[in-house]
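Below is work.txt, which holds compact mmCIF, C-alpha atoms.
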```
# COMPACT_ATOMS: atom_id res chain seq x y z
CA ASN A 1 -20.12 -9.02 39.27
CA LYS A 2 -19.00 -12.00 41.27
CA ARG A 3 -20.99 -13.91 43.85
CA LYS A 4 -19.22 -14.02 47.16
CA PHE A 5 -19.60 -16.83 49.66
CA GLU A 6 -18.89 -16.47 53.31
CA ASP A 7 -16.45 -19.33 53.65
CA GLY A 8 -15.41 -20.07 50.04
CA PRO A 9 -13.71 -18.71 46.90
CA THR A 10 -15.37 -16.38 44.40
CA PHE A 11 -16.72 -17.75 41.09
CA PRO A 12 -17.23 -15.88 37.81
CA THR A 13 -20.83 -15.31 36.79
CA SER A 14 -22.46 -15.90 33.40
CA LYS A 15 -22.00 -12.20 32.63
CA ASP A 16 -18.23 -12.58 32.96
CA PHE A 17 -18.23 -15.49 30.50
CA LEU A 18 -20.35 -13.48 28.04
CA THR A 19 -18.01 -10.46 28.23
CA SER A 20 -14.98 -12.69 27.63
CA PHE A 21 -16.69 -14.37 24.64
CA ARG A 22 -17.55 -11.03 23.04
CA THR A 23 -13.98 -9.77 23.46
CA HIS A 24 -12.56 -12.75 21.59
CA THR A 25 -15.12 -12.86 18.78
CA VAL A 26 -14.86 -9.15 17.93
CA SER A 27 -11.08 -9.40 17.41
CA MET A 28 -11.43 -12.21 14.85
CA GLY A 29 -11.58 -11.51 11.12
CA ILE A 30 -10.30 -12.49 7.70
CA SER A 31 -6.71 -13.65 8.09
CA ARG A 32 -4.05 -14.43 5.49
CA ASP A 33 -1.62 -16.16 7.85
CA SER A 34 -0.33 -19.70 7.32
CA THR A 35 0.18 -20.58 10.97
CA HIS A 36 -3.25 -22.22 11.18
CA LYS A 37 -2.52 -24.57 8.25
CA ARG A 38 -1.20 -28.09 8.58
CA ARG A 39 2.29 -29.23 7.72
CA LYS A 40 3.01 -31.05 4.45
CA SER A 41 3.05 -34.27 6.43
CA GLY A 42 -0.47 -33.56 7.72
CA GLY A 43 0.55 -32.70 11.25
CA ILE A 44 -1.07 -29.83 13.11
CA ARG A 45 1.13 -26.83 13.76
CA LYS A 46 1.18 -25.42 17.24
CA ALA A 47 0.46 -21.67 17.36
CA ILE A 48 3.58 -19.93 18.66
CA ARG A 49 2.21 -16.39 18.44
CA ASN A 50 -1.00 -14.44 18.05
CA LYS A 51 -2.37 -12.95 14.85
CA ARG A 52 -0.65 -9.93 13.37
CA LYS A 53 -2.19 -6.84 11.86
CA PHE A 54 -0.23 -7.26 8.60
CA GLU A 55 -1.79 -10.71 8.14
CA ALA A 56 -5.32 -9.33 8.13
CA GLY A 57 -7.41 -9.69 4.98
CA ARG A 58 -10.27 -7.51 3.74
CA PRO A 59 -13.56 -8.20 1.95
CA PRO A 60 -13.49 -8.12 -1.89
CA ALA A 61 -14.43 -4.91 -3.68
CA ASN A 62 -16.84 -6.61 -6.14
CA THR A 63 -16.50 -3.73 -8.60
CA ARG A 64 -19.53 -3.37 -10.88
CA ILE A 65 -20.38 -1.20 -13.89
CA GLY A 66 -22.05 2.07 -12.89
CA PRO A 67 -21.45 5.73 -11.98
CA LYS A 68 -17.99 6.11 -10.49
CA ARG A 69 -17.81 5.31 -6.78
CA VAL A 70 -14.34 4.87 -5.22
CA ARG A 71 -13.41 4.60 -1.54
CA ALA A 72 -9.99 5.05 0.08
CA THR A 73 -8.70 2.33 2.41
CA ARG A 74 -5.84 2.99 4.79
CA VAL A 75 -3.19 0.25 4.54
CA ARG A 76 0.21 -0.54 6.00
CA GLY A 77 2.69 2.32 6.11
CA GLY A 78 -0.04 4.96 6.05
CA ASN A 79 -0.60 4.38 2.34
CA ASN A 80 -3.96 4.21 0.58
CA LYS A 81 -5.62 1.61 -1.59
CA TRP A 82 -8.52 2.74 -3.72
CA ARG A 83 -11.54 0.44 -3.63
CA ALA A 84 -13.58 0.94 -6.78
CA LEU A 85 -17.16 -0.06 -6.03
CA ARG A 86 -18.56 1.25 -9.32
CA LEU A 87 -16.77 2.24 -12.54
CA GLU A 88 -18.11 3.13 -15.97
CA ALA A 89 -15.01 4.15 -17.99
CA GLY A 90 -11.27 3.61 -18.26
CA ASN A 91 -8.18 4.32 -20.36
CA TYR A 92 -7.70 1.73 -23.11
CA SER A 93 -4.65 1.30 -25.29
CA TRP A 94 -4.60 0.30 -28.96
CA GLY A 95 -1.23 -1.43 -29.17
CA THR A 96 -0.87 -1.52 -32.97
CA GLU A 97 -1.44 2.22 -33.29
CA SER A 98 0.24 3.18 -29.98
CA VAL A 99 -2.69 5.35 -28.94
CA THR A 100 -4.75 5.47 -25.75
CA ARG A 101 -8.24 6.89 -25.26
CA LYS A 102 -10.78 7.04 -22.46
CA CYS A 103 -13.67 4.72 -23.34
CA ARG A 104 -16.98 3.81 -21.78
CA ILE A 105 -17.32 0.22 -20.50
CA LEU A 106 -20.56 -1.35 -21.66
CA ARG A 107 -20.56 -4.92 -20.34
CA VAL A 108 -18.47 -7.90 -19.27
CA VAL A 109 -18.54 -10.70 -21.84
CA TYR A 110 -16.04 -13.28 -20.58
CA ASN A 111 -14.17 -14.30 -17.45
CA SER A 112 -12.08 -17.45 -17.29
CA THR A 113 -12.52 -17.68 -13.51
CA ASN A 114 -16.26 -17.73 -13.01
CA ASN A 115 -19.36 -17.13 -15.15
CA GLU A 116 -21.04 -15.54 -12.15
CA LEU A 117 -18.66 -12.57 -12.58
CA VAL A 118 -19.95 -12.22 -16.15
CA ARG A 119 -23.59 -12.35 -15.09
CA THR A 120 -23.08 -9.65 -12.45
CA ASN A 121 -20.83 -7.49 -14.71
CA SER A 122 -18.02 -7.60 -12.15
CA LEU A 123 -14.81 -5.82 -13.17
CA VAL A 124 -11.64 -7.71 -12.22
CA LYS A 125 -8.17 -7.95 -13.70
CA GLY A 126 -8.08 -10.15 -16.78
CA CYS A 127 -11.79 -10.04 -17.60
CA ILE A 128 -12.93 -9.35 -21.19
CA VAL A 129 -15.24 -6.36 -21.69
CA GLN A 130 -16.89 -4.52 -24.54
CA ILE A 131 -16.06 -0.82 -24.81
CA ASP A 132 -17.36 2.04 -26.94
CA ALA A 133 -15.35 2.31 -30.18
CA THR A 134 -16.23 5.97 -30.87
CA PRO A 135 -13.06 7.59 -29.38
CA PHE A 136 -10.78 5.35 -31.48
CA ARG A 137 -12.90 5.80 -34.62
CA GLN A 138 -12.67 9.58 -34.27
CA TRP A 139 -8.90 9.39 -33.78
CA TYR A 140 -8.47 7.12 -36.83
CA ALA A 141 -10.47 9.52 -39.01
CA GLN A 142 -8.47 12.51 -37.80
CA HIS A 143 -5.07 10.80 -38.06
CA TYR A 144 -5.43 8.90 -41.35
CA GLY A 145 -8.47 10.52 -42.94
CA VAL A 146 -10.21 7.12 -43.06
CA GLU A 147 -13.69 6.58 -41.64
CA LEU A 148 -14.09 3.25 -39.86
CA GLY A 149 -17.41 1.52 -39.37
CA LYS A 150 -19.43 3.42 -41.95
CA LYS A 151 -19.41 4.38 -45.60
CA LYS A 152 -18.14 7.84 -46.41
CA ASP A 153 -20.98 9.60 -48.23
CA GLU A 154 -19.78 13.20 -48.15
CA GLU A 155 -16.16 14.27 -48.13
CA THR A 156 -15.38 16.77 -45.40
CA LYS A 157 -13.32 19.73 -46.48
CA ILE A 158 -9.86 19.86 -44.94
CA SER A 159 -6.94 22.21 -45.41
CA ASP A 160 -3.92 21.32 -47.55
CA HIS A 161 -1.77 21.18 -44.43
CA VAL A 162 -4.02 18.57 -42.81
CA ALA A 163 -4.21 16.62 -46.07
CA ARG A 164 -0.41 16.45 -46.27
CA LYS A 165 -0.18 15.24 -42.67
CA GLN A 166 -2.78 12.54 -43.24
CA LYS A 167 -1.01 11.42 -46.42
CA LYS A 168 2.27 11.15 -44.49
CA HIS A 169 0.60 9.13 -41.73
CA ALA A 170 -1.08 6.86 -44.29
CA SER A 171 2.31 5.97 -45.81
CA THR A 172 3.32 4.26 -42.56
CA MET A 173 -0.16 2.93 -41.69
CA VAL A 174 -0.31 -0.67 -40.45
CA PRO A 175 -3.05 -2.72 -42.20
CA LEU A 176 -6.10 -2.99 -39.98
CA ASP A 177 -6.98 -6.44 -38.62
CA SER A 178 -10.12 -7.71 -40.36
CA GLN A 179 -11.75 -8.80 -37.08
CA VAL A 180 -11.04 -5.40 -35.49
CA ALA A 181 -12.53 -3.71 -38.57
CA ASP A 182 -15.68 -5.82 -38.17
CA GLN A 183 -15.97 -4.67 -34.57
CA PHE A 184 -15.81 -1.02 -35.68
CA ASN A 185 -18.87 -1.74 -37.82
CA THR A 186 -20.80 -2.67 -34.68
CA GLY A 187 -19.40 0.27 -32.69
CA LEU A 188 -18.05 -2.03 -29.96
CA LEU A 189 -14.53 -3.32 -29.28
CA TYR A 190 -13.35 -6.27 -27.20
CA ALA A 191 -10.82 -5.25 -24.55
CA CYS A 192 -9.03 -6.84 -21.61
CA LEU A 193 -8.67 -5.24 -18.18
CA SER A 194 -5.05 -4.99 -17.07
CA SER A 195 -5.52 -2.93 -13.90
CA ARG A 196 -6.91 -4.04 -10.53
CA PRO A 197 -10.09 -2.04 -9.79
CA GLY A 198 -10.18 -3.15 -6.15
CA GLN A 199 -6.61 -1.97 -5.53
CA SER A 200 -6.03 1.05 -7.78
CA GLY A 201 -9.60 2.24 -8.30
CA ARG A 202 -9.22 2.16 -12.09
CA ALA A 203 -10.46 -0.04 -14.95
CA ASP A 204 -7.74 0.43 -17.59
CA GLY A 205 -6.78 -2.10 -20.24
CA TYR A 206 -6.00 -2.74 -23.88
CA ILE A 207 -7.83 -3.65 -27.09
CA LEU A 208 -7.65 -7.30 -28.13
CA GLU A 209 -5.90 -8.00 -31.42
CA GLY A 210 -4.33 -10.83 -33.37
CA PRO A 211 -4.09 -14.36 -31.89
CA GLU A 212 -5.38 -13.18 -28.51
CA LEU A 213 -8.55 -11.84 -30.12
CA ASP A 214 -8.98 -15.09 -32.08
CA PHE A 215 -8.68 -17.07 -28.85
CA TYR A 216 -11.37 -15.13 -27.01
CA ILE A 217 -13.73 -15.09 -29.98
CA ARG A 218 -13.55 -18.90 -30.03
CA LYS A 219 -14.26 -18.95 -26.29
CA LEU A 220 -17.27 -16.66 -26.71
CA LYS A 221 -18.70 -18.85 -29.48
CA LYS A 222 -18.57 -21.87 -27.17
CA LYS A 223 -20.64 -20.16 -24.46
```

How does this structure look as structure tokens?
Amino acid sequence: NKRKFEDGPTFPTSKDFLTSFRTHTVSMGISRDSTHKRRKSGGIRKAIRNKRKFEAGRPPANTRIGPKRVRATRVRGGNNKWRALRLEAGNYSWGTESVTRKCRILRVVYNSTNNELVRTNSLVKGCIVQIDATPFRQWYAQHYGVELGKKKDEETKISDHVARKQKKHASTMVPLDSQVADQFNTGLLYACLSSRPGQSGRADGYILEGPELDFYIRKLKKK
């Protein structure tokens, strides 16, 4: 692909320049290196080596609420990261009662980083979500014999053995937080995500209680 002259050197054609340009642009991508940044004094650093594979970055997962959709991503060392693209449930812990149940995620209500993540219902670590309270209400009724969130019209018949167990559990029962009790009336609980959906493919977390719950309720009232 080079034009040859009878009595002169050969020159690269436009096709050669285009091929070289494509080769360099394809190899570029998201990079997490610091060699391209300036020094603290403001001086420009001279590149002493090329980019490395371990410095490469990847696009965000942007996990949303929906039917479960998780993709495996091969990472350094032959390991896998699990990119959750859609999630609709997770394991949530009730710290006061030391119990964990799988709950359905209904919506994102607060994110200290960006309100756009709330509008799009994006699941990220540290965001505040509303989950279905039914699994915890059923456990509370079975463990203590106390119905949360509704008035007990008819007493269900239970055996003496179960009644003794519930009475024993009730003797060590921690008083329920008034704000948590109010949430059981609505059937929804505020919870915080503690896992990283874009890395582990899960949306697990814990129920908000005490001063932390007070803090986020004040934040939600300001919105």

Per residue of region 53-100 of chain A within 12 Å of region 196-201 of chain A, which atom pair is closest and at what distance in Å (one decimal), using all atoms listed in the file, listed by chain and increasing number, as CSV?
```
residue,atom,partner,partner_atom,distance
A:Arg58,CA,A:Gly198,CA,10.8
A:Pro59,CA,A:Gly198,CA,10.1
A:Pro60,CA,A:Gly198,CA,7.3
A:Ala61,CA,A:Gly198,CA,5.2
A:Asn62,CA,A:Gly198,CA,7.5
A:Thr63,CA,A:Pro197,CA,6.7
A:Arg64,CA,A:Pro197,CA,9.6
A:Ile65,CA,A:Pro197,CA,11.1
A:Lys68,CA,A:Gly201,CA,9.5
A:Arg69,CA,A:Gly201,CA,8.9
A:Val70,CA,A:Gly201,CA,6.2
A:Arg71,CA,A:Gly201,CA,8.1
A:Ala72,CA,A:Gly201,CA,8.8
A:Thr73,CA,A:Gln199,CA,9.3
A:Arg74,CA,A:Gln199,CA,11.5
A:Val75,CA,A:Gln199,CA,10.9
A:Asn79,CA,A:Gln199,CA,11.8
A:Asn80,CA,A:Gln199,CA,9.1
A:Lys81,CA,A:Gln199,CA,5.4
A:Trp82,CA,A:Gly201,CA,4.7
A:Arg83,CA,A:Gly198,CA,4.6
A:Ala84,CA,A:Gly201,CA,4.5
A:Leu85,CA,A:Gly198,CA,7.6
A:Arg86,CA,A:Gly201,CA,9.1
A:Leu87,CA,A:Gly201,CA,8.3
A:Glu88,CA,A:Pro197,CA,11.4
A:Ala89,CA,A:Gly201,CA,11.3
A:Gly90,CA,A:Gly201,CA,10.2
```

Store the residues picked out above, limited to C-alpha atoms, as a CSV table (one decimal), in the frame of the given file.
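Resulting contents of selection-v3.csv:
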```csv
chain,number,residue,atom,x,y,z
A,58,ARG,CA,-10.3,-7.5,3.7
A,59,PRO,CA,-13.6,-8.2,2.0
A,60,PRO,CA,-13.5,-8.1,-1.9
A,61,ALA,CA,-14.4,-4.9,-3.7
A,62,ASN,CA,-16.8,-6.6,-6.1
A,63,THR,CA,-16.5,-3.7,-8.6
A,64,ARG,CA,-19.5,-3.4,-10.9
A,65,ILE,CA,-20.4,-1.2,-13.9
A,68,LYS,CA,-18.0,6.1,-10.5
A,69,ARG,CA,-17.8,5.3,-6.8
A,70,VAL,CA,-14.3,4.9,-5.2
A,71,ARG,CA,-13.4,4.6,-1.5
A,72,ALA,CA,-10.0,5.0,0.1
A,73,THR,CA,-8.7,2.3,2.4
A,74,ARG,CA,-5.8,3.0,4.8
A,75,VAL,CA,-3.2,0.2,4.5
A,79,ASN,CA,-0.6,4.4,2.3
A,80,ASN,CA,-4.0,4.2,0.6
A,81,LYS,CA,-5.6,1.6,-1.6
A,82,TRP,CA,-8.5,2.7,-3.7
A,83,ARG,CA,-11.5,0.4,-3.6
A,84,ALA,CA,-13.6,0.9,-6.8
A,85,LEU,CA,-17.2,-0.1,-6.0
A,86,ARG,CA,-18.6,1.2,-9.3
A,87,LEU,CA,-16.8,2.2,-12.5
A,88,GLU,CA,-18.1,3.1,-16.0
A,89,ALA,CA,-15.0,4.2,-18.0
A,90,GLY,CA,-11.3,3.6,-18.3
```

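Between Asp132 (chain A) and the residues A:Leu220, A:Arg32, A:Arg101, A:Lys46, the shortest atom-to-atom distance, using all atoms listed in the file, involves A:Arg101.
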
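In terms of minimum interatomic distance to Asn121 (chain A), A:Gly66 ranks closest within A:Val99, A:Ser171, A:Gly66, A:Asp177, counting only C-alpha atoms.
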
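Distance check against Glu212 (chain A) using all atoms listed in the file: of A:Val162, A:Gly77, A:Ile128, A:Asp33, the minimum falls on A:Ile128.
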
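One distance worth recording is that between CA of Arg49 (chain A) and CA of Ile30 (chain A), which is 16.9 Å.
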
Interatomic distance, CA of Phe54 (chain A) to CA of Arg39 (chain A) (Å, one decimal): 22.1 Å

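Among the candidates A:Phe184, A:Tyr206, A:Tyr190, A:Phe215, the one nearest to Gln138 (chain A) when counting all atoms listed in the file is A:Phe184.
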
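Here CA of Gly126 (chain A) stands at a distance of 7.4 Å from CA of Asn111 (chain A).
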
Who sits within 12 Å of Ser93 (chain A), all atoms listed in the file, same chain under 2 positions skipped, as number ranges by chain: A: 90-91, 95-103, 131, 133, 135-136, 189-194, 203-209

Residues near Pro211 (chain A), cut-off 12 Å, only C-alpha atoms, skip fewer than 6 positions along chain, as an NGL selection string: :A and (177 or 179-180 or 217-218)

Closest of A:Asp182, A:Thr113, A:Ile48, A:Lys53 to Gly29 (chain A) - atom-to-atom distances counting only C-alpha atoms: A:Lys53

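Residues surrounding Arg45 (chain A) within 10 Å are Ser34, Thr35, His36, Lys37, Arg38 and Arg39 of chain A [only C-alpha atoms; sequence separation below 5 positions excluded].
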
Extending 5 Å beyond the listed atoms of region 64-80 of chain A on each side, what axis-aligned box results? I want centre and edge lengths in Å to one decimal, as JSON.
```
{"center_x": -9.7, "center_y": 1.4, "center_z": -3.9, "size_x": 34.7, "size_y": 19.5, "size_z": 30.0}
```

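Restricting the calculation to all atoms listed in the file, the smallest distance between Thr172 (chain A) and any of A:His143, A:Lys51, A:Gly187, A:Val118 is found for A:His143.
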